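Enquirer: Dumping the structure here so I can ask a few things about it.
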Amino acid sequence: MKPAVLRPQALRDQQGEVRYYRKEGGTRVAVKLANATNAALDQIDLDPGIGSTKLGKHLGIPGLRTWRVAEFPLLWCYFERGDQLDVLRLSGERQNIAAILSDEFDSN
C-alpha cells in the first residue's frame, strides 16, 4: 500500500468539484462525489499499478497513470513514486486533459 499524496492543485480540483456538484445537484450529490473520489484514491493506494498508462504514453509523460472515479466523469492523474502516490490533478473526462497537464509540467 502506498499513500496518495495530493499536490495542492489536486486538492483544489477535488474541492472545486465538490462545490460544483453541491451547487448543481445538492448536498447529497456532493457527498456522493466526495465519497467516490476518496474511494478511487483508496483503490489506487492499494494497487497503484491499476491506473491506465494510455494518456501518459499519448502525452509523452512516462509513468503518468489515470484512474476513473466511479459514477462521475472524473479522472485522478498520478505517478507511482517509491513510497507514495504523487497525485497531480483531478480532471473532468471532457476537459482538455492534455492542455491541463501540459500547463502543470510547464510550471514545474
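Each chain in the C-alpha cells gets a letter, A, B, ..., in the order shown, and its residues are numbered from 1; ligands are numbered from 1 in order too.
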May I have the residues within 12 Å of Pro73 (chain A) as an MDAnalysis selection string, using only C-alpha atoms and disregarding those fewer than 6 positions away in the same chain?
Expert: chainID A and resid 17 21 33 36:37 67 90:95
Enquirer: Export, as a compact mmCIF listing (two decimals), in the first residue's frame, the selected residues with all heavy atoms.
Expert:
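What landed in again30.txt:
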# COMPACT_ATOMS: atom_id res chain seq x y z
N GLU A 17 -14.67 20.49 -7.46
CA GLU A 17 -15.70 19.57 -7.97
C GLU A 17 -16.82 19.38 -6.94
O GLU A 17 -17.99 19.36 -7.29
CB GLU A 17 -15.09 18.23 -8.36
CG GLU A 17 -14.20 18.27 -9.58
CD GLU A 17 -14.92 18.62 -10.87
OE1 GLU A 17 -16.15 18.41 -10.97
OE2 GLU A 17 -14.26 19.10 -11.81
N TYR A 21 -20.70 20.32 -7.70
CA TYR A 21 -21.78 19.34 -7.60
C TYR A 21 -22.79 19.73 -6.51
O TYR A 21 -23.97 19.46 -6.65
CB TYR A 21 -21.23 17.93 -7.39
CG TYR A 21 -20.83 17.28 -8.70
CD1 TYR A 21 -19.55 17.44 -9.21
CD2 TYR A 21 -21.73 16.52 -9.42
CE1 TYR A 21 -19.19 16.85 -10.41
CE2 TYR A 21 -21.38 15.92 -10.62
CZ TYR A 21 -20.10 16.10 -11.12
OH TYR A 21 -19.75 15.52 -12.32
N LEU A 33 -20.11 12.42 -4.46
CA LEU A 33 -18.89 12.70 -5.20
C LEU A 33 -17.67 12.63 -4.29
O LEU A 33 -16.66 12.01 -4.64
CB LEU A 33 -18.94 14.07 -5.87
CG LEU A 33 -17.61 14.52 -6.46
CD1 LEU A 33 -17.27 13.72 -7.70
CD2 LEU A 33 -17.60 15.99 -6.74
N ALA A 36 -16.91 9.12 -3.59
CA ALA A 36 -16.41 8.42 -4.78
C ALA A 36 -14.96 8.80 -5.09
O ALA A 36 -14.16 7.93 -5.46
CB ALA A 36 -17.31 8.72 -5.98
N THR A 37 -14.62 10.08 -4.94
CA THR A 37 -13.23 10.47 -5.22
C THR A 37 -12.29 9.85 -4.18
O THR A 37 -11.20 9.39 -4.53
CB THR A 37 -13.05 12.01 -5.25
OG1 THR A 37 -13.49 12.58 -4.03
CG2 THR A 37 -13.80 12.62 -6.43
N TRP A 67 -6.89 7.13 -13.22
CA TRP A 67 -7.89 6.22 -12.65
C TRP A 67 -9.21 6.95 -12.56
O TRP A 67 -9.29 8.06 -12.02
CB TRP A 67 -7.44 5.74 -11.28
CG TRP A 67 -8.36 4.70 -10.72
CD1 TRP A 67 -9.18 4.84 -9.62
CD2 TRP A 67 -8.58 3.39 -11.21
NE1 TRP A 67 -9.89 3.68 -9.42
CE2 TRP A 67 -9.54 2.76 -10.40
CE3 TRP A 67 -8.06 2.66 -12.30
CZ2 TRP A 67 -9.99 1.47 -10.61
CZ3 TRP A 67 -8.50 1.37 -12.50
CH2 TRP A 67 -9.45 0.78 -11.66
N LEU A 90 -7.18 16.18 -10.44
CA LEU A 90 -8.47 15.53 -10.66
C LEU A 90 -9.07 16.30 -11.81
O LEU A 90 -9.26 17.52 -11.73
CB LEU A 90 -9.36 15.63 -9.42
CG LEU A 90 -10.76 15.04 -9.57
CD1 LEU A 90 -10.71 13.54 -9.83
CD2 LEU A 90 -11.59 15.34 -8.34
N SER A 91 -9.34 15.61 -12.90
CA SER A 91 -9.77 16.29 -14.11
C SER A 91 -11.05 15.67 -14.66
O SER A 91 -11.24 14.46 -14.57
CB SER A 91 -8.66 16.18 -15.16
OG SER A 91 -9.02 16.82 -16.34
N GLY A 92 -11.88 16.51 -15.24
CA GLY A 92 -13.07 16.02 -15.92
C GLY A 92 -12.70 15.32 -17.20
O GLY A 92 -11.80 15.77 -17.92
N GLU A 93 -13.37 14.23 -17.51
CA GLU A 93 -13.08 13.47 -18.72
C GLU A 93 -13.29 14.29 -19.98
O GLU A 93 -12.67 14.02 -21.01
CB GLU A 93 -13.93 12.20 -18.78
CG GLU A 93 -13.51 11.17 -17.76
CD GLU A 93 -14.39 9.93 -17.78
OE1 GLU A 93 -15.48 9.96 -18.40
OE2 GLU A 93 -13.98 8.94 -17.17
N ARG A 94 -14.15 15.27 -19.93
CA ARG A 94 -14.43 16.10 -21.11
C ARG A 94 -13.55 17.34 -21.18
O ARG A 94 -13.63 18.09 -22.15
CB ARG A 94 -15.90 16.49 -21.15
CG ARG A 94 -16.78 15.30 -21.38
CD ARG A 94 -18.20 15.70 -21.55
NE ARG A 94 -19.02 14.52 -21.77
CZ ARG A 94 -20.31 14.54 -21.96
NH1 ARG A 94 -20.94 15.69 -21.94
NH2 ARG A 94 -20.98 13.43 -22.14
N GLN A 95 -12.74 17.56 -20.17
CA GLN A 95 -11.81 18.69 -20.21
C GLN A 95 -10.64 18.33 -21.12
O GLN A 95 -10.39 17.16 -21.41
CB GLN A 95 -11.28 18.99 -18.81
CG GLN A 95 -12.32 19.57 -17.88
CD GLN A 95 -11.74 19.82 -16.50
OE1 GLN A 95 -11.30 18.90 -15.84
NE2 GLN A 95 -11.76 21.08 -16.09
Enquirer: When DSSP is applied to the backbone of this structure, which of chain A are assigned helix (DSSP H, G or I)? Write them out as a PyMOL selection string.
Expert: chain A and resi 8-25+27-46+48-50+54-59+97-106
Enquirer: Which residues, written as a VMD selection string, have at least one atom at most 12 Å from Gly63 (chain A), with only C-alpha atoms counted and residues fewer than 2 positions away on the same chain left out?
Expert: chain A and resid 48 to 49 51 to 61 65 to 66 77 to 81 85 to 87
Enquirer: Which is closest to Asn38 (chain A) among A:Leu88, A:Met1, A:Val18, A:Leu64, if we use only C-alpha atoms?
Expert: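 Closest to Asn38 (chain A), using only C-alpha atoms: A:Val18.
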Enquirer: DSSP on the backbone, then: every residue of chain A marked strand (DSSP E or B), written as a PyMOL selection string.
Expert: chain A and resi 4-6+52+64-68+74-80+85-92
Enquirer: Let's have the selection written as an mmCIF file, in the first residue's frame, with N, CA, C and O atoms.
Expert:
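Output (out_33.cif):
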data_model
loop_
_atom_site.group_PDB
_atom_site.id
_atom_site.type_symbol
_atom_site.label_atom_id
_atom_site.label_comp_id
_atom_site.auth_asym_id
_atom_site.auth_seq_id
_atom_site.Cartn_x
_atom_site.Cartn_y
_atom_site.Cartn_z
ATOM 1 N N ALA A 4 -1.680 8.013 -1.037
ATOM 2 C CA ALA A 4 -1.834 9.055 -2.051
ATOM 3 C C ALA A 4 -1.552 10.408 -1.410
ATOM 4 O O ALA A 4 -2.153 10.757 -0.396
ATOM 5 N N VAL A 5 -0.632 11.136 -2.000
ATOM 6 C CA VAL A 5 -0.314 12.489 -1.544
ATOM 7 C C VAL A 5 -0.768 13.440 -2.645
ATOM 8 O O VAL A 5 -0.218 13.439 -3.744
ATOM 9 N N LEU A 6 -1.796 14.217 -2.333
ATOM 10 C CA LEU A 6 -2.343 15.141 -3.315
ATOM 11 C C LEU A 6 -1.514 16.412 -3.367
ATOM 12 O O LEU A 6 -1.231 17.016 -2.332
ATOM 13 N N SER A 52 -4.487 3.419 -15.724
ATOM 14 C CA SER A 52 -4.114 3.339 -17.132
ATOM 15 C C SER A 52 -2.898 4.217 -17.438
ATOM 16 O O SER A 52 -2.794 5.332 -16.929
ATOM 17 N N LEU A 64 2.990 8.415 -16.001
ATOM 18 C CA LEU A 64 1.702 9.022 -15.670
ATOM 19 C C LEU A 64 0.602 7.975 -15.803
ATOM 20 O O LEU A 64 0.522 7.265 -16.802
ATOM 21 N N ARG A 65 -0.233 7.892 -14.781
ATOM 22 C CA ARG A 65 -1.372 6.972 -14.779
ATOM 23 C C ARG A 65 -2.646 7.755 -14.491
ATOM 24 O O ARG A 65 -2.603 8.823 -13.876
ATOM 25 N N THR A 66 -3.762 7.202 -14.948
ATOM 26 C CA THR A 66 -5.065 7.794 -14.642
ATOM 27 C C THR A 66 -5.987 6.711 -14.097
ATOM 28 O O THR A 66 -5.866 5.532 -14.447
ATOM 29 N N TRP A 67 -6.892 7.126 -13.224
ATOM 30 C CA TRP A 67 -7.886 6.223 -12.652
ATOM 31 C C TRP A 67 -9.213 6.954 -12.564
ATOM 32 O O TRP A 67 -9.291 8.060 -12.020
ATOM 33 N N ARG A 68 -10.249 6.337 -13.108
ATOM 34 C CA ARG A 68 -11.581 6.944 -13.168
ATOM 35 C C ARG A 68 -12.287 6.868 -11.814
ATOM 36 O O ARG A 68 -12.195 5.870 -11.110
ATOM 37 N N LEU A 74 -14.813 11.819 -13.984
ATOM 38 C CA LEU A 74 -13.594 12.416 -13.448
ATOM 39 C C LEU A 74 -12.466 11.398 -13.420
ATOM 40 O O LEU A 74 -12.704 10.204 -13.217
ATOM 41 N N LEU A 75 -11.251 11.890 -13.596
ATOM 42 C CA LEU A 75 -10.057 11.052 -13.568
ATOM 43 C C LEU A 75 -9.036 11.622 -12.596
ATOM 44 O O LEU A 75 -8.763 12.828 -12.609
ATOM 45 N N TRP A 76 -8.467 10.750 -11.771
ATOM 46 C CA TRP A 76 -7.286 11.116 -10.997
ATOM 47 C C TRP A 76 -6.071 10.883 -11.877
ATOM 48 O O TRP A 76 -5.964 9.842 -12.528
ATOM 49 N N CYS A 77 -5.143 11.820 -11.904
ATOM 50 C CA CYS A 77 -3.887 11.691 -12.644
ATOM 51 C C CYS A 77 -2.772 11.618 -11.614
ATOM 52 O O CYS A 77 -2.669 12.501 -10.753
ATOM 53 N N TYR A 78 -1.930 10.574 -11.710
ATOM 54 C CA TYR A 78 -0.936 10.359 -10.658
ATOM 55 C C TYR A 78 0.297 9.624 -11.175
ATOM 56 O O TYR A 78 0.291 9.042 -12.262
ATOM 57 N N PHE A 79 1.339 9.690 -10.353
ATOM 58 C CA PHE A 79 2.563 8.921 -10.561
ATOM 59 C C PHE A 79 2.766 8.012 -9.360
ATOM 60 O O PHE A 79 2.488 8.415 -8.231
ATOM 61 N N GLU A 80 3.278 6.837 -9.614
ATOM 62 C CA GLU A 80 3.684 5.957 -8.519
ATOM 63 C C GLU A 80 5.139 6.274 -8.213
ATOM 64 O O GLU A 80 6.006 6.181 -9.073
ATOM 65 N N LEU A 85 2.050 7.778 -3.703
ATOM 66 C CA LEU A 85 1.459 8.154 -4.978
ATOM 67 C C LEU A 85 1.442 9.670 -5.045
ATOM 68 O O LEU A 85 0.942 10.333 -4.139
ATOM 69 N N ASP A 86 2.003 10.207 -6.087
ATOM 70 C CA ASP A 86 2.066 11.642 -6.324
ATOM 71 C C ASP A 86 0.868 11.999 -7.202
ATOM 72 O O ASP A 86 0.884 11.771 -8.413
ATOM 73 N N VAL A 87 -0.187 12.530 -6.583
ATOM 74 C CA VAL A 87 -1.431 12.806 -7.295
ATOM 75 C C VAL A 87 -1.395 14.240 -7.816
ATOM 76 O O VAL A 87 -1.374 15.198 -7.045
ATOM 77 N N LEU A 88 -1.369 14.358 -9.154
ATOM 78 C CA LEU A 88 -1.244 15.660 -9.804
ATOM 79 C C LEU A 88 -2.543 16.442 -9.861
ATOM 80 O O LEU A 88 -2.586 17.613 -9.504
ATOM 81 N N ARG A 89 -3.575 15.784 -10.390
ATOM 82 C CA ARG A 89 -4.811 16.501 -10.689
ATOM 83 C C ARG A 89 -6.012 15.574 -10.604
ATOM 84 O O ARG A 89 -5.891 14.354 -10.738
ATOM 85 N N LEU A 90 -7.176 16.176 -10.443
ATOM 86 C CA LEU A 90 -8.466 15.534 -10.658
ATOM 87 C C LEU A 90 -9.071 16.302 -11.812
ATOM 88 O O LEU A 90 -9.263 17.518 -11.725
ATOM 89 N N SER A 91 -9.343 15.610 -12.897
ATOM 90 C CA SER A 91 -9.773 16.289 -14.108
ATOM 91 C C SER A 91 -11.046 15.671 -14.655
ATOM 92 O O SER A 91 -11.239 14.459 -14.570
ATOM 93 N N GLY A 92 -11.882 16.508 -15.243
ATOM 94 C CA GLY A 92 -13.074 16.022 -15.916
ATOM 95 C C GLY A 92 -12.699 15.322 -17.205
ATOM 96 O O GLY A 92 -11.798 15.768 -17.921
#
Enquirer: I'd like the contact shell of Arg22 (chain A) - 12 Å cut-off, only C-alpha atoms, skipping same-chain residues fewer than 6 positions apart - returned as a VMD selection string.
Expert: chain A and resid 15 to 16 28 to 34
Enquirer: As a list in words, please: the residues near Leu46 (chain A) (cut-off 8 Å, only C-alpha atoms, same-chain neighbours under 3 positions excluded).
Expert: Met1, Lys2, Asp42 and Gln43 of chain A
Enquirer: Restrict the selected residues to C-alpha atoms and save them as a PDB file, in the first residue's frame.
Expert:
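Now in selection13.pdb:
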ATOM      1  CA  MET A   1       0.000   0.000   0.000  1.00  0.00           C
ATOM      2  CA  LYS A   2       1.244   3.451  -0.932  1.00  0.00           C
ATOM      3  CA  ASP A  42      -8.252   4.193  -1.772  1.00  0.00           C
ATOM      4  CA  GLN A  43      -8.256   1.820  -4.748  1.00  0.00           C
TER       5      GLN A  43
END
Enquirer: With distances taken over only C-alpha atoms, which of A:Asp45, A:Glu24, A:Glu71, A:Asp13 is nearest to Asp83 (chain A)?
Expert: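 The answer is A:Asp45, which sits nearest to Asp83 (chain A).
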Enquirer: Pick out the closest residue to Val69 (chain A) from this set: A:Pro3, A:Ala40, A:Gly25, A:Pro8. Count only C-alpha atoms.
Expert: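 Result for the nearest residue to Val69 (chain A): A:Ala40.
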